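What follows is a single structure, written as structure tokens, with notes after it.
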Amino acid sequence: MAYKTKEWRNEMRVTVDYNYMMSKSLGDEGIKDSELRAVKESAERAFEYVRLNRGRDDLFMGWTELPYNQDAIVADILETAKKVRKKFKYFVVLGIGGSALGPIMVFNALKHLHYNELSPQKRNGPKFYVEDNVDPVRMQALLDVIEPEKTCFNVISKSGATSETMTQYLIIADILKSKGVNLPENIIFTTDASRGNLIKIDESFGGAFKKFVLPDGVGGRFSELCPVGLLPAAVLGIDIKGMLAGAAYMDGLCSKPNISKNPALACAVLQYITMKQGKNINVLMPYSDNLKLMADWYCQLWAESLGKAVDYEGKKVNAGTTPVKSLGVTDQHSQVQLYIEGPFDKVITFISVEKYACEMPIAHGCEDIPDVGFLGGHTMQELIQAENKATAYALMRAGRMNYTIKMPAVNEFTLGQLMYLLELQTAYTGALLNINTFNQPGVENGKKATFALLGKKGYEAQKREMDSAPALDGKYIV
Ligand code: PA5
């Protein structure tokens, strides 16, 4: 069944304006139409590559189908979320990377910015935390504010072998046991269907844990629209069907191979052209506190997907640009000076919001002080939007490339669109670069080095090699 009315969906359409990337606005610093024409065929090939491989688990392209193939899973998630909301005072995600950044981003985007501090009536759901690290101070801080026996812990790990997540699990499991809690009562696993250590733990409990599947063909950073993100969102009362409908809508908007008709392909081509020009920094700057953590989520998506040593032919390419998170207007008073006058090495992507979730009139006062008085009678929405426009304009006047993703509002439907847009953009860019977008050998190497350092069986050779490698041994200490 279609989500809301056609008119509403059109009103909520997320669009991309790239006028300030082009030479018509930027002169010599901008992209010429001829440069767009020059990559037309490569863009079509990238589009075809993604289209032809849709849903392929072996290529980790399963995420493309998530908006369409989860009816039964969504029903199970909603049912589980209902029980969790009824029974628990707190909901805690244990996970890291792709298993944590999505849930916290969606929470930040769609719930009250001070959700946990609201009264239970206003909050209308359990308090929510995501443990995205193994900093002991953070773990202690969590333990200081929750009551473990009244908490539902969602352990999210595809492999069940990630040291950080399993450390969090071990600590929590021990606390729960010490309080006489039967672990499956308070813990839900989101993991691989049949492999991995969470499955082994579940088996040792006779299959008593509630489990959700992180599908085979879906990598961590592309997993927000599967149970990884959908369960936490549903527990928070977020309309997960709306998020999936938004993703499907964006998929529909990206069904053509030409950049004037496909916003994700347009963004990918802009990033690709500027990458080739040596612009190494890719800034995402939402003008919305609700979208602040979208930049964190995007940084992982972009960095882990495109930072690759070799291409599909095995040629050394050291691909990728460095994603940077920024927040409007806050970073106008911090980073924007560098963006406007520093090296010509950046592309800025703004995310603009046309209608904020609430309005805040600016009171009159200080009429005799012109520097202040002019603000009275306006609204905060007007101010933030004016500053967004002014920054894009100032960048353009300084010859700095920037484009804007426009969101009519921040809601489930537009957020689903935005996520899918950025995922597709990343997939197209990877295809343009002829690299494997969906593996993460660098991350895996770091995981293995940690295993070796902490004495995991089977990693003795790596430990010996690390012991003989240059170490931080104090020779150059100051
Ligand atoms: O995007 C990725 O694949 C990674 O960030 C993983 O999500 C992260 O390393 C956690 O892995 P796992 O789900 O196996 O615990």
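By convention in this document, the chains of the structure tokens carry letters A, B, ... by their order, each chain's residues are numbered from 1, and ligands are numbered from 1 in the order they are shown.
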Inset, instruction - Just the strand (DSSP E) stuff from segment 248-463 of chain A, please, per backbone DSSP, written as a list in words. - result: Ile281, Asn282, Val283, Leu284, Met285, Pro286, Thr322, Pro323, Val324, Lys325, Lys346, Val347, Ile348, Thr349, Phe350, Ile351, Ser352, Val353, Glu354, Lys355, Asn402, Tyr403, Thr404, Ile405, Lys406, Met407, Pro408 and Ala409 of chain A
Which residues of chain A come within 9 Å of ligand 1, and what is each one's closest atom pair and distance in Å (one decimal), counting only C-alpha atoms and all ligand atoms, sorted by chain and residue number, as a tab-separated table?
residue	atom	partner	partner_atom_place_in_ligand_line	distance
A:Gly95	CA	ligand 1	15 (O)	6.4
A:Ile96	CA	ligand 1	10 (C)	5.3
A:Gly97	CA	ligand 1	5 (O)	3.8
A:Gly98	CA	ligand 1	7 (O)	3.4
A:Ser99	CA	ligand 1	7 (O)	5.0
A:Ala100	CA	ligand 1	7 (O)	7.8
A:Leu101	CA	ligand 1	5 (O)	8.8
A:Ile156	CA	ligand 1	13 (O)	6.3
A:Ser157	CA	ligand 1	13 (O)	3.4
A:Lys158	CA	ligand 1	13 (O)	3.7
A:Ser159	CA	ligand 1	14 (O)	3.8
A:Gly160	CA	ligand 1	15 (O)	5.6
A:Ala161	CA	ligand 1	14 (O)	6.2
A:Thr162	CA	ligand 1	15 (O)	4.6
A:Ser163	CA	ligand 1	15 (O)	8.0
A:Glu164	CA	ligand 1	15 (O)	8.0
A:Thr165	CA	ligand 1	15 (O)	6.3
A:Met166	CA	ligand 1	15 (O)	8.2
A:Thr190	CA	ligand 1	13 (O)	8.9
A:Thr191	CA	ligand 1	13 (O)	7.3
A:Asp192	CA	ligand 1	13 (O)	8.7
A:Gly196	CA	ligand 1	14 (O)	8.7
A:Leu214	CA	ligand 1	13 (O)	8.4
A:Val218	CA	ligand 1	3 (O)	8.7
A:Gly219	CA	ligand 1	3 (O)	4.9
A:Gly220	CA	ligand 1	7 (O)	3.5
A:Arg221	CA	ligand 1	1 (O)	3.8
A:Phe222	CA	ligand 1	1 (O)	7.0
A:Ser223	CA	ligand 1	1 (O)	8.1
A:Gln300	CA	ligand 1	1 (O)	7.3
A:Leu301	CA	ligand 1	1 (O)	7.3
A:Glu304	CA	ligand 1	1 (O)	6.9
A:Ser305	CA	ligand 1	1 (O)	8.3
A:Phe438	CA	ligand 1	3 (O)	8.1
A:Asn439	CA	ligand 1	3 (O)	7.4
A:Gln440	CA	ligand 1	3 (O)	6.7
A:Val443	CA	ligand 1	9 (O)	6.8
A:Glu444	CA	ligand 1	9 (O)	7.7
A:Lys447	CA	ligand 1	9 (O)	8.2
Legend entry - For Gln462 of chain A: contacts at 12 Å, only C-alpha atoms, fewer than 2 positions along chain excluded, given as a ChimeraX atom specification: /A:445-460,464-469
Legend entry - Shell around Tyr115 of chain A at 12 Å using only C-alpha atoms, local window under 3 positions removed, as a PyMOL selection string: chain A and resi 107-112+118-129+236+290
Legend entry - Test item, helix (DSSP H, G or I) assignment across segment 248-437 of chain A, answer as a PyMOL selection string: chain A and resi 248-253+263-276+289-306+330-333+336-341+370-373+380-397+412-433
Output C-alpha atoms for every residue in the selection just made, as a tab-separated table (two decimals), in the first residue's frame.
chain	number	residue	atom	x	y	z
A	248	ALA	CA	11.73	3.34	-1.97
A	249	TYR	CA	10.59	6.77	-3.17
A	250	MET	CA	14.19	7.93	-3.60
A	251	ASP	CA	15.00	4.67	-5.37
A	252	GLY	CA	12.23	5.54	-7.83
A	253	LEU	CA	13.66	9.04	-8.30
A	263	PRO	CA	19.90	13.02	-7.91
A	264	ALA	CA	22.19	10.30	-6.50
A	265	LEU	CA	23.98	9.92	-9.82
A	266	ALA	CA	24.31	13.71	-10.08
A	267	CYS	CA	25.95	13.88	-6.63
A	268	ALA	CA	28.24	10.95	-7.48
A	269	VAL	CA	29.35	12.57	-10.72
A	270	LEU	CA	30.03	15.90	-8.98
A	271	GLN	CA	32.10	14.12	-6.35
A	272	TYR	CA	33.92	12.08	-8.98
A	273	ILE	CA	34.82	15.05	-11.17
A	274	THR	CA	36.07	17.11	-8.24
A	275	MET	CA	37.97	14.13	-6.84
A	276	LYS	CA	39.81	13.86	-10.13
A	289	ASP	CA	20.69	19.99	14.85
A	290	ASN	CA	18.43	17.02	14.10
A	291	LEU	CA	20.73	16.12	11.22
A	292	LYS	CA	23.98	16.72	13.07
A	293	LEU	CA	24.66	12.99	13.43
A	294	MET	CA	23.73	12.37	9.80
A	295	ALA	CA	27.19	13.76	9.11
A	296	ASP	CA	28.77	11.09	11.38
A	297	TRP	CA	26.80	8.34	9.67
A	298	TYR	CA	27.73	9.67	6.24
A	299	CYS	CA	31.42	9.98	7.14
A	300	GLN	CA	31.56	6.25	7.86
A	301	LEU	CA	29.56	5.37	4.76
A	302	TRP	CA	31.81	7.41	2.51
A	303	ALA	CA	35.18	6.73	4.15
A	304	GLU	CA	34.86	2.99	4.63
A	305	SER	CA	33.31	2.50	1.20
A	306	LEU	CA	35.63	4.57	-0.95
A	330	THR	CA	27.64	26.45	14.50
A	331	ASP	CA	30.63	25.84	12.23
A	332	GLN	CA	30.20	29.18	10.46
A	333	HIS	CA	32.00	30.41	13.56
A	336	VAL	CA	33.77	28.25	7.38
A	337	GLN	CA	36.65	30.76	7.39
A	338	LEU	CA	38.87	27.92	6.13
A	339	TYR	CA	36.30	26.80	3.58
A	340	ILE	CA	36.08	30.32	2.11
A	341	GLU	CA	39.71	31.38	2.17
A	370	PRO	CA	20.58	48.72	15.54
A	371	ASP	CA	23.02	45.74	15.66
A	372	VAL	CA	20.49	43.83	17.75
A	373	GLY	CA	17.13	45.48	17.11
A	380	MET	CA	14.80	31.51	14.21
A	381	GLN	CA	13.85	29.51	11.12
A	382	GLU	CA	14.24	32.65	9.01
A	383	LEU	CA	17.61	33.33	10.61
A	384	ILE	CA	19.07	29.83	10.17
A	385	GLN	CA	17.81	29.68	6.58
A	386	ALA	CA	19.24	33.12	5.81
A	387	GLU	CA	22.60	32.07	7.25
A	388	ASN	CA	22.52	28.85	5.21
A	389	LYS	CA	21.83	30.82	2.02
A	390	ALA	CA	24.42	33.45	2.91
A	391	THR	CA	27.13	30.85	3.49
A	392	ALA	CA	26.41	29.06	0.21
A	393	TYR	CA	26.46	32.44	-1.54
A	394	ALA	CA	29.70	33.57	0.13
A	395	LEU	CA	31.37	30.29	-0.83
A	396	MET	CA	30.17	30.66	-4.40
A	397	ARG	CA	31.47	34.26	-4.57
A	412	GLU	CA	10.63	9.50	8.53
A	413	PHE	CA	9.88	9.78	4.82
A	414	THR	CA	12.48	12.44	4.03
A	415	LEU	CA	15.09	10.78	6.22
A	416	GLY	CA	14.58	7.48	4.38
A	417	GLN	CA	15.05	9.37	1.12
A	418	LEU	CA	18.21	11.05	2.34
A	419	MET	CA	19.78	7.81	3.55
A	420	TYR	CA	19.03	6.01	0.32
A	421	LEU	CA	20.28	8.97	-1.73
A	422	LEU	CA	23.61	8.98	0.10
A	423	GLU	CA	23.93	5.19	-0.12
A	424	LEU	CA	23.27	5.20	-3.85
A	425	GLN	CA	25.61	8.15	-4.35
A	426	THR	CA	28.35	6.17	-2.58
A	427	ALA	CA	27.66	3.05	-4.66
A	428	TYR	CA	27.73	5.03	-7.94
A	429	THR	CA	30.94	6.81	-6.95
A	430	GLY	CA	32.58	3.48	-6.13
A	431	ALA	CA	31.49	2.15	-9.51
A	432	LEU	CA	32.90	5.24	-11.23
A	433	LEU	CA	36.18	4.62	-9.43
Legend entry - Exercise: segment 8-12 of chain A partners within 8 Å, only C-alpha atoms, chain neighbours under 4 positions left out, as a PyMOL selection string: chain A and resi 3-4+407-409+413-414
Inset, instruction - Work out how far apart atom CA of Lys279 of chain A and atom CA of Gly342 of chain A are and give it in Å to one decimal. - result: 12.4 Å
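Note that atom CA of Val130 of chain A and atom CA of Leu284 of chain A are 22.6 Å apart.
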Legend entry - Residue nearest Lys89 of chain A - candidates A:Arg400, A:Lys150, A:His114, A:Lys40, atoms counted: only C-alpha atoms: A:Lys150
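In this model, the gap between atom CA of Cys226 of chain A and atom CA of Thr64 of chain A comes to 10.8 Å.
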Legend entry - 6 Å contact set for segment 357-367 of chain A, only C-alpha atoms, chain neighbours under 2 positions out, as a list of chain:residue names: A:Ile369, A:Gly373, A:Gly376, A:Gly377, A:His378, A:Thr379, A:Met380
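Of the residues under consideration (A:Asn133, A:Glu224, A:Lys315, A:Ile175), A:Ile175 shows the shortest atom-to-atom contact distance to Glu147 of chain A when counting only C-alpha atoms.
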Legend entry - Residue neighbourhood Glu65 of chain A, 12 Å, only C-alpha atoms, exclusion window fewer than 2 positions, as a PyMOL selection string: chain A and resi 50-51+53-57+60-63+67-71+215+217-218+222-223+225-226+244-245+247-248+251+420+424
Legend entry - Option closest in space to Val93 of chain A, from A:Glu35, A:Glu131, A:Asp144, A:Glu44 [counting only C-alpha atoms]: A:Glu131
